[in-house]
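Accompanying notes for the structure given below.
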Amino acid sequence: MAKMGMVPTAGETASSRGRMEGDRKPVVGGSLGVAYLIGDIRMAGVGTITHIEGQRMTGFGHPMMQVGSTDLPIVDARVITVRSSRNISVKMAATGDVIGQLTGDYQASVVGRYDRRSKLVPFNVRVRAAERGVDRLFEMQAAPMPVLLPLIVASGLSSALSQALPHALPYMYRIGVKWEVEEGYSGAYEDVTVTHGQSGNTLLRDALTPLILLLGNPFQDLRLKSLDISLDVVPQRRVAELRAVSVAVDEVRAGEELHLKAYLRPFGQDDAVVEKISIKI
């Protein structure tokens, strides 16, 4: 988020997870909440409503990210206190129900409407670690903007992981990603990855890669309809060094089966082993 001029902060405040429709009337000078993620984990920015005219509004008096047209939910918000700092002061706020849609983010202000709603993307994360007795499901809804969606998903995934497994130990994970897009396509992705130290960057990268490739493909603009990510902790660090891969043919056509030999040196062993792998092309 830093490259976009944003400094994320975590606040020890309660957030409403109930109704998706708010009925409290916004007022000039009141709090303006702009949500990126809603549900078990919330991520939102809070500023000030500058002007209201009918169902239209302007706010902040400055840009949020200055990205132009936006599709972000406006949520009810109230500021609890301000945490002062010489570097950057932070408003500690609680956010509530959806009350509108932020439609623009420009140099002078953000703009939106109270008679519109964003079509949010259902986003679920399941974290399981059998040996620790952990099985947590986090149900969320993400703002649908393709340019921001990988960042939003990364933040939600990171928060879910830190809540489910707060000890930040190096683990081996089995990753499962399932998605569906509005254009009718769906798909799934599986991988195994190992985290090193307390950093989860490798895990986030491997889980988000299919989403980034999907939304950034050069062939068709796609709108995500739903996203489910599962993270299962593998008790043993079953890893091996990949020494070489050999293939018996020079060409393969669609529909054919490709037979590979993978030469591996398992962790803690000196002798290499050969795994035979068949892939349907």
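Ligands are numbered from 1 in the order shown, chains are lettered A, B, ... in the order of the structure tokens, and residues start at 1 in each chain.
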Fill in: Selection: 10 Å around Leu227 of chain A, only C-alpha atoms, excl. self and same-chain fewer than 4 positions, as a VMD selection string
chain A and resid 121 to 125 140 to 142 153 177 to 181 186 188 211
Can you spit out the residues from that selection as a CSV table (one decimal), in the first residue's frame, using all heavy atoms?
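Contents of selection_35.csv, as written:
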chain,number,residue,atom,x,y,z
A,121,VAL,N,-17.4,-8.6,-4.0
A,121,VAL,CA,-16.9,-9.9,-4.3
A,121,VAL,C,-16.9,-10.8,-3.1
A,121,VAL,O,-16.1,-10.5,-2.2
A,121,VAL,CB,-15.6,-9.9,-5.0
A,121,VAL,CG1,-15.1,-11.3,-5.3
A,121,VAL,CG2,-15.6,-9.0,-6.3
A,122,PRO,N,-17.7,-11.9,-3.0
A,122,PRO,CA,-17.5,-12.8,-1.8
A,122,PRO,C,-16.1,-13.4,-1.8
A,122,PRO,O,-15.6,-13.9,-2.8
A,122,PRO,CB,-18.6,-13.9,-2.1
A,122,PRO,CG,-19.6,-13.2,-3.0
A,122,PRO,CD,-18.8,-12.3,-3.8
A,123,PHE,N,-15.5,-13.3,-0.6
A,123,PHE,CA,-14.1,-13.7,-0.5
A,123,PHE,C,-13.9,-14.4,0.9
A,123,PHE,O,-14.1,-13.9,1.9
A,123,PHE,CB,-13.2,-12.5,-0.5
A,123,PHE,CG,-11.8,-12.6,-0.1
A,123,PHE,CD1,-11.0,-13.8,-0.4
A,123,PHE,CD2,-11.1,-11.7,0.8
A,123,PHE,CE1,-9.7,-14.0,0.0
A,123,PHE,CE2,-9.8,-11.9,1.2
A,123,PHE,CZ,-9.1,-13.0,0.8
A,124,ASN,N,-13.6,-15.7,0.8
A,124,ASN,CA,-13.5,-16.6,2.0
A,124,ASN,C,-12.1,-17.1,2.1
A,124,ASN,O,-11.5,-17.5,1.1
A,124,ASN,CB,-14.5,-17.7,1.9
A,124,ASN,CG,-15.9,-17.3,1.9
A,124,ASN,OD1,-16.3,-16.3,2.5
A,124,ASN,ND2,-16.7,-17.9,1.1
A,125,VAL,N,-11.6,-17.2,3.4
A,125,VAL,CA,-10.3,-17.8,3.7
A,125,VAL,C,-10.5,-18.8,4.7
A,125,VAL,O,-11.1,-18.5,5.8
A,125,VAL,CB,-9.3,-16.7,4.1
A,125,VAL,CG1,-8.0,-17.4,4.5
A,125,VAL,CG2,-9.0,-15.7,3.1
A,140,MET,N,-15.7,-12.8,4.0
A,140,MET,CA,-15.5,-11.4,3.8
A,140,MET,C,-16.2,-11.0,2.4
A,140,MET,O,-16.5,-11.9,1.7
A,140,MET,CB,-14.0,-11.0,3.8
A,140,MET,CG,-13.3,-11.2,5.1
A,140,MET,SD,-11.5,-11.2,4.9
A,140,MET,CE,-11.3,-13.0,4.5
A,141,GLN,N,-16.2,-9.7,2.1
A,141,GLN,CA,-16.7,-9.2,0.8
A,141,GLN,C,-15.7,-8.1,0.5
A,141,GLN,O,-15.5,-7.2,1.3
A,141,GLN,CB,-18.1,-8.7,0.9
A,141,GLN,CG,-19.1,-9.8,1.0
A,141,GLN,CD,-20.5,-9.3,1.1
A,141,GLN,OE1,-20.9,-8.6,2.0
A,141,GLN,NE2,-21.3,-9.6,0.0
A,142,ALA,N,-15.1,-8.2,-0.7
A,142,ALA,CA,-14.1,-7.3,-1.2
A,142,ALA,C,-14.6,-6.3,-2.2
A,142,ALA,O,-15.5,-6.6,-3.0
A,142,ALA,CB,-12.9,-8.0,-1.8
A,153,VAL,N,-7.1,-8.5,-1.3
A,153,VAL,CA,-7.1,-9.9,-0.9
A,153,VAL,C,-5.8,-10.2,-0.1
A,153,VAL,O,-5.9,-11.0,0.9
A,153,VAL,CB,-7.1,-10.7,-2.2
A,153,VAL,CG1,-6.9,-12.2,-1.9
A,153,VAL,CG2,-8.5,-10.6,-2.9
A,177,VAL,N,-6.8,-22.5,-4.2
A,177,VAL,CA,-7.5,-21.3,-4.7
A,177,VAL,C,-8.6,-21.6,-5.7
A,177,VAL,O,-8.3,-22.3,-6.7
A,177,VAL,CB,-6.5,-20.2,-5.3
A,177,VAL,CG1,-7.2,-19.0,-5.7
A,177,VAL,CG2,-5.4,-20.0,-4.4
A,178,LYS,N,-9.8,-21.2,-5.4
A,178,LYS,CA,-10.9,-21.4,-6.4
A,178,LYS,C,-11.5,-20.0,-6.7
A,178,LYS,O,-11.7,-19.2,-5.8
A,178,LYS,CB,-12.0,-22.3,-5.8
A,178,LYS,CG,-11.5,-23.7,-5.6
A,178,LYS,CD,-12.7,-24.6,-5.0
A,178,LYS,CE,-12.2,-26.0,-4.8
A,178,LYS,NZ,-13.3,-26.9,-4.3
A,179,TRP,N,-11.8,-19.8,-8.0
A,179,TRP,CA,-12.4,-18.5,-8.4
A,179,TRP,C,-13.5,-18.7,-9.4
A,179,TRP,O,-13.5,-19.7,-10.1
A,179,TRP,CB,-11.3,-17.6,-8.9
A,179,TRP,CG,-10.7,-18.1,-10.2
A,179,TRP,CD1,-11.2,-17.9,-11.5
A,179,TRP,CD2,-9.5,-18.9,-10.4
A,179,TRP,NE1,-10.4,-18.5,-12.4
A,179,TRP,CE2,-9.3,-19.1,-11.8
A,179,TRP,CE3,-8.6,-19.4,-9.5
A,179,TRP,CZ2,-8.3,-19.8,-12.3
A,179,TRP,CZ3,-7.5,-20.1,-10.0
A,179,TRP,CH2,-7.4,-20.3,-11.4
A,180,GLU,N,-14.3,-17.7,-9.6
A,180,GLU,CA,-15.4,-17.7,-10.6
A,180,GLU,C,-15.4,-16.2,-11.0
A,180,GLU,O,-15.4,-15.3,-10.2
A,180,GLU,CB,-16.7,-18.1,-10.1
A,180,GLU,CG,-17.8,-18.3,-11.1
A,180,GLU,CD,-19.1,-18.8,-10.6
A,180,GLU,OE1,-19.1,-19.1,-9.4
A,180,GLU,OE2,-20.1,-18.9,-11.3
A,181,VAL,N,-15.6,-16.0,-12.4
A,181,VAL,CA,-15.7,-14.6,-12.9
A,181,VAL,C,-17.1,-14.4,-13.5
A,181,VAL,O,-17.8,-15.4,-13.8
A,181,VAL,CB,-14.6,-14.3,-13.9
A,181,VAL,CG1,-13.2,-14.3,-13.3
A,181,VAL,CG2,-14.7,-15.3,-15.1
A,186,SER,N,-14.6,-20.4,-14.6
A,186,SER,CA,-14.2,-20.7,-13.2
A,186,SER,C,-13.0,-21.6,-13.2
A,186,SER,O,-12.6,-22.1,-14.3
A,186,SER,CB,-15.3,-21.5,-12.5
A,186,SER,OG,-15.6,-22.7,-13.1
A,188,ALA,N,-9.5,-23.5,-10.6
A,188,ALA,CA,-8.9,-23.8,-9.3
A,188,ALA,C,-7.4,-24.0,-9.5
A,188,ALA,O,-6.9,-24.2,-10.6
A,188,ALA,CB,-9.5,-25.1,-8.8
A,211,LEU,N,-4.6,-15.1,-9.1
A,211,LEU,CA,-5.5,-13.9,-9.2
A,211,LEU,C,-4.9,-12.8,-10.0
A,211,LEU,O,-5.6,-12.2,-10.8
A,211,LEU,CB,-5.8,-13.5,-7.7
A,211,LEU,CG,-6.7,-12.2,-7.6
A,211,LEU,CD1,-8.1,-12.5,-8.2
A,211,LEU,CD2,-6.8,-11.8,-6.2
Discussion item. With only C-alpha atoms as the counted atoms, please give the residues lying no more than 12 Å from Gly184 of chain A, apart from itself and same-chain residues fewer than 4 positions off, as a list of chain:residue names.
Written reply: A:Trp179, A:Glu180, A:Leu222, A:Arg223, A:Leu224, A:Lys225, A:Ser226
Expected file contents, prior selection, N, CA and C atoms, as an mmCIF file, in the first residue's frame:
data_model
loop_
_atom_site.group_PDB
_atom_site.id
_atom_site.type_symbol
_atom_site.label_atom_id
_atom_site.label_comp_id
_atom_site.auth_asym_id
_atom_site.auth_seq_id
_atom_site.Cartn_x
_atom_site.Cartn_y
_atom_site.Cartn_z
ATOM 1 N N TRP A 179 -11.822 -19.810 -7.995
ATOM 2 C CA TRP A 179 -12.405 -18.531 -8.394
ATOM 3 C C TRP A 179 -13.485 -18.725 -9.449
ATOM 4 N N GLU A 180 -14.328 -17.716 -9.552
ATOM 5 C CA GLU A 180 -15.351 -17.658 -10.590
ATOM 6 C C GLU A 180 -15.450 -16.210 -11.048
ATOM 7 N N LEU A 222 -11.812 -9.212 -17.118
ATOM 8 C CA LEU A 222 -12.640 -10.115 -16.337
ATOM 9 C C LEU A 222 -13.013 -9.475 -15.007
ATOM 10 N N ARG A 223 -14.232 -9.782 -14.545
ATOM 11 C CA ARG A 223 -14.708 -9.281 -13.258
ATOM 12 C C ARG A 223 -14.899 -10.469 -12.323
ATOM 13 N N LEU A 224 -14.212 -10.425 -11.208
ATOM 14 C CA LEU A 224 -14.262 -11.530 -10.266
ATOM 15 C C LEU A 224 -15.637 -11.624 -9.612
ATOM 16 N N LYS A 225 -16.185 -12.842 -9.566
ATOM 17 C CA LYS A 225 -17.501 -13.086 -8.969
ATOM 18 C C LYS A 225 -17.374 -13.658 -7.564
ATOM 19 N N SER A 226 -16.391 -14.528 -7.347
ATOM 20 C CA SER A 226 -16.161 -15.098 -6.017
ATOM 21 C C SER A 226 -14.738 -15.627 -5.939
#
Fill in: Shell of 9 Å around Met64 of chain A, only C-alpha atoms, local chain residues under 2 positions omitted, as JSON, numbers by chain
{"A": [5, 6, 45, 60, 62, 66, 67, 105, 106, 107, 109, 110]}
Worksheet item: How many Å separate atom CA of Glu183 of chain A from atom CA of Gly216 of chain A?
Response: 14.9 Å
Which of segment 8-250 of chain A DSSP labels helix (DSSP H, G or I), written as a PDB file with N, CA and C atoms, in the first residue's frame:
ATOM      1  N   ALA A 130      -4.182 -29.063  11.759  1.00  0.00           N
ATOM      2  CA  ALA A 130      -4.747 -30.144  12.567  1.00  0.00           C
ATOM      3  C   ALA A 130      -3.979 -30.346  13.866  1.00  0.00           C
ATOM      4  N   GLU A 131      -2.655 -30.282  13.816  1.00  0.00           N
ATOM      5  CA  GLU A 131      -1.873 -30.563  15.016  1.00  0.00           C
ATOM      6  C   GLU A 131      -2.015 -29.454  16.069  1.00  0.00           C
ATOM      7  N   ARG A 132      -2.473 -28.276  15.672  1.00  0.00           N
ATOM      8  CA  ARG A 132      -2.705 -27.182  16.617  1.00  0.00           C
ATOM      9  C   ARG A 132      -4.188 -26.999  16.931  1.00  0.00           C
ATOM     10  N   LEU A 149      -7.899  -5.098  -6.209  1.00  0.00           N
ATOM     11  CA  LEU A 149      -8.347  -6.368  -5.648  1.00  0.00           C
ATOM     12  C   LEU A 149      -7.200  -7.242  -5.118  1.00  0.00           C
ATOM     13  N   PRO A 150      -6.085  -7.409  -5.847  1.00  0.00           N
ATOM     14  CA  PRO A 150      -4.994  -8.226  -5.280  1.00  0.00           C
ATOM     15  C   PRO A 150      -4.457  -7.669  -3.966  1.00  0.00           C
ATOM     16  N   LEU A 151      -4.368  -6.334  -3.839  1.00  0.00           N
ATOM     17  CA  LEU A 151      -3.905  -5.726  -2.591  1.00  0.00           C
ATOM     18  C   LEU A 151      -4.903  -5.973  -1.462  1.00  0.00           C
ATOM     19  N   ILE A 152      -6.197  -5.858  -1.790  1.00  0.00           N
ATOM     20  CA  ILE A 152      -7.236  -6.081  -0.788  1.00  0.00           C
ATOM     21  C   ILE A 152      -7.220  -7.532  -0.315  1.00  0.00           C
ATOM     22  N   VAL A 153      -7.128  -8.460  -1.275  1.00  0.00           N
ATOM     23  CA  VAL A 153      -7.086  -9.889  -0.939  1.00  0.00           C
ATOM     24  C   VAL A 153      -5.839 -10.206  -0.114  1.00  0.00           C
ATOM     25  N   ALA A 154      -4.696  -9.612  -0.482  1.00  0.00           N
ATOM     26  CA  ALA A 154      -3.460  -9.846   0.270  1.00  0.00           C
ATOM     27  C   ALA A 154      -3.609  -9.395   1.720  1.00  0.00           C
ATOM     28  N   SER A 155      -4.248  -8.242   1.923  1.00  0.00           N
ATOM     29  CA  SER A 155      -4.438  -7.736   3.287  1.00  0.00           C
ATOM     30  C   SER A 155      -5.380  -8.634   4.088  1.00  0.00           C
ATOM     31  N   GLY A 156      -6.482  -9.073   3.448  1.00  0.00           N
ATOM     32  CA  GLY A 156      -7.417  -9.955   4.131  1.00  0.00           C
ATOM     33  C   GLY A 156      -6.807 -11.307   4.450  1.00  0.00           C
ATOM     34  N   LEU A 157      -6.036 -11.848   3.505  1.00  0.00           N
ATOM     35  CA  LEU A 157      -5.389 -13.143   3.697  1.00  0.00           C
ATOM     36  C   LEU A 157      -4.343 -13.061   4.809  1.00  0.00           C
ATOM     37  N   SER A 158      -3.550 -11.997   4.808  1.00  0.00           N
ATOM     38  CA  SER A 158      -2.526 -11.820   5.830  1.00  0.00           C
ATOM     39  C   SER A 158      -3.139 -11.679   7.215  1.00  0.00           C
ATOM     40  N   SER A 159      -4.243 -10.913   7.302  1.00  0.00           N
ATOM     41  CA  SER A 159      -4.913 -10.722   8.589  1.00  0.00           C
ATOM     42  C   SER A 159      -5.525 -12.027   9.092  1.00  0.00           C
ATOM     43  N   ALA A 160      -6.150 -12.791   8.191  1.00  0.00           N
ATOM     44  CA  ALA A 160      -6.736 -14.076   8.579  1.00  0.00           C
ATOM     45  C   ALA A 160      -5.662 -15.032   9.097  1.00  0.00           C
ATOM     46  N   LEU A 161      -4.530 -15.055   8.416  1.00  0.00           N
ATOM     47  CA  LEU A 161      -3.432 -15.946   8.807  1.00  0.00           C
ATOM     48  C   LEU A 161      -2.882 -15.564  10.179  1.00  0.00           C
ATOM     49  N   SER A 162      -2.710 -14.256  10.426  1.00  0.00           N
ATOM     50  CA  SER A 162      -2.144 -13.819  11.703  1.00  0.00           C
ATOM     51  C   SER A 162      -3.119 -14.057  12.853  1.00  0.00           C
ATOM     52  N   GLN A 163      -4.426 -14.036  12.576  1.00  0.00           N
ATOM     53  CA  GLN A 163      -5.410 -14.313  13.623  1.00  0.00           C
ATOM     54  C   GLN A 163      -5.508 -15.810  13.913  1.00  0.00           C
ATOM     55  N   ALA A 164      -5.454 -16.627  12.863  1.00  0.00           N
ATOM     56  CA  ALA A 164      -5.593 -18.076  13.046  1.00  0.00           C
ATOM     57  C   ALA A 164      -4.317 -18.707  13.590  1.00  0.00           C
ATOM     58  N   ASN A 201       5.658 -13.659   3.093  1.00  0.00           N
ATOM     59  CA  ASN A 201       5.650 -13.124   1.734  1.00  0.00           C
ATOM     60  C   ASN A 201       5.568 -14.224   0.687  1.00  0.00           C
ATOM     61  N   THR A 202       6.280 -15.342   0.902  1.00  0.00           N
ATOM     62  CA  THR A 202       6.250 -16.447  -0.057  1.00  0.00           C
ATOM     63  C   THR A 202       4.851 -17.020  -0.164  1.00  0.00           C
ATOM     64  N   LEU A 203       4.192 -17.181   0.963  1.00  0.00           N
ATOM     65  CA  LEU A 203       2.832 -17.711   0.984  1.00  0.00           C
ATOM     66  C   LEU A 203       1.872 -16.778   0.258  1.00  0.00           C
ATOM     67  N   LEU A 204       1.944 -15.486   0.540  1.00  0.00           N
ATOM     68  CA  LEU A 204       1.071 -14.517  -0.115  1.00  0.00           C
ATOM     69  C   LEU A 204       1.304 -14.505  -1.617  1.00  0.00           C
ATOM     70  N   ARG A 205       2.568 -14.543  -2.017  1.00  0.00           N
ATOM     71  CA  ARG A 205       2.881 -14.526  -3.452  1.00  0.00           C
ATOM     72  C   ARG A 205       2.290 -15.739  -4.152  1.00  0.00           C
ATOM     73  N   ASP A 206       2.477 -16.924  -3.572  1.00  0.00           N
ATOM     74  CA  ASP A 206       1.999 -18.144  -4.224  1.00  0.00           C
ATOM     75  C   ASP A 206       0.472 -18.211  -4.251  1.00  0.00           C
ATOM     76  N   ALA A 207      -0.186 -17.656  -3.230  1.00  0.00           N
ATOM     77  CA  ALA A 207      -1.647 -17.687  -3.195  1.00  0.00           C
ATOM     78  C   ALA A 207      -2.254 -16.659  -4.140  1.00  0.00           C
ATOM     79  N   LEU A 208      -1.577 -15.522  -4.339  1.00  0.00           N
ATOM     80  CA  LEU A 208      -2.133 -14.424  -5.134  1.00  0.00           C
ATOM     81  C   LEU A 208      -1.761 -14.491  -6.604  1.00  0.00           C
ATOM     82  N   THR A 209      -0.725 -15.259  -6.955  1.00  0.00           N
ATOM     83  CA  THR A 209      -0.280 -15.309  -8.354  1.00  0.00           C
ATOM     84  C   THR A 209      -1.397 -15.629  -9.337  1.00  0.00           C
ATOM     85  N   PRO A 210      -2.232 -16.660  -9.095  1.00  0.00           N
ATOM     86  CA  PRO A 210      -3.304 -16.939 -10.073  1.00  0.00           C
ATOM     87  C   PRO A 210      -4.298 -15.791 -10.211  1.00  0.00           C
ATOM     88  N   LEU A 211      -4.587 -15.077  -9.106  1.00  0.00           N
ATOM     89  CA  LEU A 211      -5.516 -13.946  -9.159  1.00  0.00           C
ATOM     90  C   LEU A 211      -4.935 -12.806  -9.995  1.00  0.00           C
ATOM     91  N   ILE A 212      -3.647 -12.516  -9.810  1.00  0.00           N
ATOM     92  CA  ILE A 212      -2.994 -11.443 -10.561  1.00  0.00           C
ATOM     93  C   ILE A 212      -2.956 -11.776 -12.046  1.00  0.00           C
ATOM     94  N   LEU A 213      -2.638 -13.029 -12.374  1.00  0.00           N
ATOM     95  CA  LEU A 213      -2.597 -13.440 -13.782  1.00  0.00           C
ATOM     96  C   LEU A 213      -3.990 -13.406 -14.400  1.00  0.00           C
ATOM     97  N   LEU A 214      -5.002 -13.780 -13.609  1.00  0.00           N
ATOM     98  CA  LEU A 214      -6.377 -13.796 -14.099  1.00  0.00           C
ATOM     99  C   LEU A 214      -6.855 -12.389 -14.433  1.00  0.00           C
ATOM    100  N   LEU A 215      -6.683 -11.457 -13.496  1.00  0.00           N
ATOM    101  CA  LEU A 215      -7.189 -10.099 -13.703  1.00  0.00           C
ATOM    102  C   LEU A 215      -6.304  -9.290 -14.645  1.00  0.00           C
TER     103      LEU A 215
END
Practice prompt. Would you list the contacts of segment 258-265 of chain A as number ranges by chain, taking every protein, DNA or RNA residue within 12 Å and counting only C-alpha atoms, but skipping same-chain residues closer than 6 positions in sequence?
Written response: A: 238-252, 271-281
Item to complete: Run DSSP on the backbone and grab whatever in segment 47-255 of chain A lands in strand (DSSP E or B); send it over as a PyMOL selection string.
Response: chain A and resi 47-53+56-59+68-83+90-105+110-113+121-129+134-142+172-181+186-194+224-234+240-247
Please produce a file of those selected residues containing C-alpha atoms, as a compact mmCIF listing (two decimals), in the first residue's frame.
# COMPACT_ATOMS: atom_id res chain seq x y z
CA GLY A 47 -12.34 10.97 6.44
CA THR A 48 -14.84 13.84 6.49
CA ILE A 49 -17.98 14.55 4.44
CA THR A 50 -17.46 17.96 2.79
CA HIS A 51 -20.76 18.57 1.00
CA ILE A 52 -24.06 16.78 0.30
CA GLU A 53 -26.47 17.66 -2.50
CA ARG A 56 -24.55 13.14 -4.25
CA MET A 57 -21.64 13.90 -1.95
CA THR A 58 -18.01 15.07 -1.90
CA GLY A 59 -15.53 14.34 0.84
CA GLY A 68 -10.09 8.50 -11.04
CA SER A 69 -13.25 6.39 -11.36
CA THR A 70 -13.79 4.07 -8.41
CA ASP A 71 -16.20 1.37 -7.26
CA LEU A 72 -15.91 1.24 -3.47
CA PRO A 73 -18.64 0.96 -0.82
CA ILE A 74 -19.30 3.97 1.41
CA VAL A 75 -19.93 2.81 4.98
CA ASP A 76 -21.29 4.45 8.10
CA ALA A 77 -18.41 5.52 10.37
CA ARG A 78 -17.67 7.32 13.60
CA VAL A 79 -14.34 8.54 14.95
CA ILE A 80 -13.64 7.34 18.50
CA THR A 81 -10.38 9.19 19.13
CA VAL A 82 -7.29 10.56 17.38
CA ARG A 83 -3.88 9.03 18.09
CA VAL A 90 -4.26 8.42 12.96
CA LYS A 91 -8.03 8.53 13.46
CA MET A 92 -9.24 5.51 15.42
CA ALA A 93 -12.67 4.79 13.99
CA ALA A 94 -15.40 2.16 13.89
CA THR A 95 -17.23 1.42 10.63
CA GLY A 96 -20.72 0.04 10.16
CA ASP A 97 -23.31 -0.55 7.46
CA VAL A 98 -23.01 0.15 3.73
CA ILE A 99 -24.78 3.44 2.87
CA GLY A 100 -23.53 4.32 -0.64
CA GLN A 101 -20.93 3.98 -3.38
CA LEU A 102 -17.73 5.98 -3.90
CA THR A 103 -17.66 6.70 -7.65
CA GLY A 104 -14.58 8.91 -8.03
CA ASP A 105 -11.23 9.76 -6.44
CA VAL A 110 -13.56 12.01 -3.48
CA VAL A 111 -17.15 11.86 -4.79
CA GLY A 112 -19.98 9.39 -4.43
CA ARG A 113 -23.69 8.69 -4.28
CA VAL A 121 -16.95 -9.94 -4.33
CA PRO A 122 -17.51 -12.78 -1.82
CA PHE A 123 -14.06 -13.70 -0.47
CA ASN A 124 -13.49 -16.56 1.98
CA VAL A 125 -10.29 -17.76 3.66
CA ARG A 126 -10.03 -21.08 5.53
CA VAL A 127 -6.96 -21.77 7.68
CA ARG A 128 -6.44 -25.29 9.04
CA ALA A 129 -3.67 -26.75 11.22
CA VAL A 134 -7.01 -24.78 14.25
CA ASP A 135 -9.88 -24.67 11.74
CA ARG A 136 -10.96 -21.06 11.09
CA LEU A 137 -13.21 -19.73 8.33
CA PHE A 138 -13.12 -16.00 7.58
CA GLU A 139 -16.02 -14.75 5.44
CA MET A 140 -15.54 -11.37 3.77
CA GLN A 141 -16.65 -9.24 0.84
CA ALA A 142 -14.10 -7.27 -1.18
CA MET A 172 4.80 -25.72 5.06
CA TYR A 173 1.40 -24.95 3.51
CA ARG A 174 -0.89 -26.59 1.00
CA ILE A 175 -2.62 -23.76 -0.89
CA GLY A 176 -5.96 -24.08 -2.65
CA VAL A 177 -7.50 -21.25 -4.67
CA LYS A 178 -10.91 -21.37 -6.39
CA TRP A 179 -12.40 -18.53 -8.39
CA GLU A 180 -15.35 -17.66 -10.59
CA VAL A 181 -15.71 -14.63 -12.87
CA SER A 186 -14.21 -20.71 -13.18
CA GLY A 187 -11.01 -22.41 -12.14
CA ALA A 188 -8.91 -23.83 -9.34
CA TYR A 189 -5.24 -23.80 -8.40
CA GLU A 190 -3.23 -25.89 -5.93
CA ASP A 191 0.33 -25.52 -4.72
CA VAL A 192 2.62 -26.31 -1.80
CA THR A 193 4.95 -23.69 -0.38
CA VAL A 194 7.32 -23.26 2.54
CA LEU A 224 -14.26 -11.53 -10.27
CA LYS A 225 -17.50 -13.09 -8.97
CA SER A 226 -16.16 -15.10 -6.02
CA LEU A 227 -12.85 -16.18 -4.49
CA ASP A 228 -12.09 -18.96 -1.98
CA ILE A 229 -8.62 -19.58 -0.53
CA SER A 230 -7.70 -22.50 1.73
CA LEU A 231 -4.43 -22.81 3.66
CA ASP A 232 -3.59 -26.16 5.26
CA VAL A 233 -0.49 -26.53 7.43
CA VAL A 234 1.50 -29.64 6.50
CA ALA A 240 13.41 -31.62 -1.80
CA GLU A 241 15.87 -29.94 -4.14
CA LEU A 242 14.88 -30.29 -7.79
CA ARG A 243 18.10 -31.28 -9.59
CA ALA A 244 16.80 -31.89 -13.13
CA VAL A 245 13.78 -32.79 -15.27
CA SER A 246 13.93 -34.93 -18.41
CA VAL A 247 11.37 -35.41 -21.17
Discussion item. So, with only C-alpha atoms as the atoms that count, which of A:Pro166, A:Gly54, A:Glu256, A:Gly133 lies closest to Lys25 of chain A?
Written reply: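 Distance minimum relative to Lys25 of chain A lands on A:Gly54.
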Worksheet item: With only C-alpha atoms as the basis for distance, which of A:Leu148, A:Ala108, A:Val46, A:Ala35 is at the shortest distance from Pro63 of chain A?
Response: A:Ala108
Discussion item. One decimal, in Å: what's the spacing between atom CA of Tyr36 of chain A and atom CA of Met145 of chain A?
Written reply: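 Answer for the atom CA of Tyr36 of chain A to atom CA of Met145 of chain A separation: 9.4 Å.
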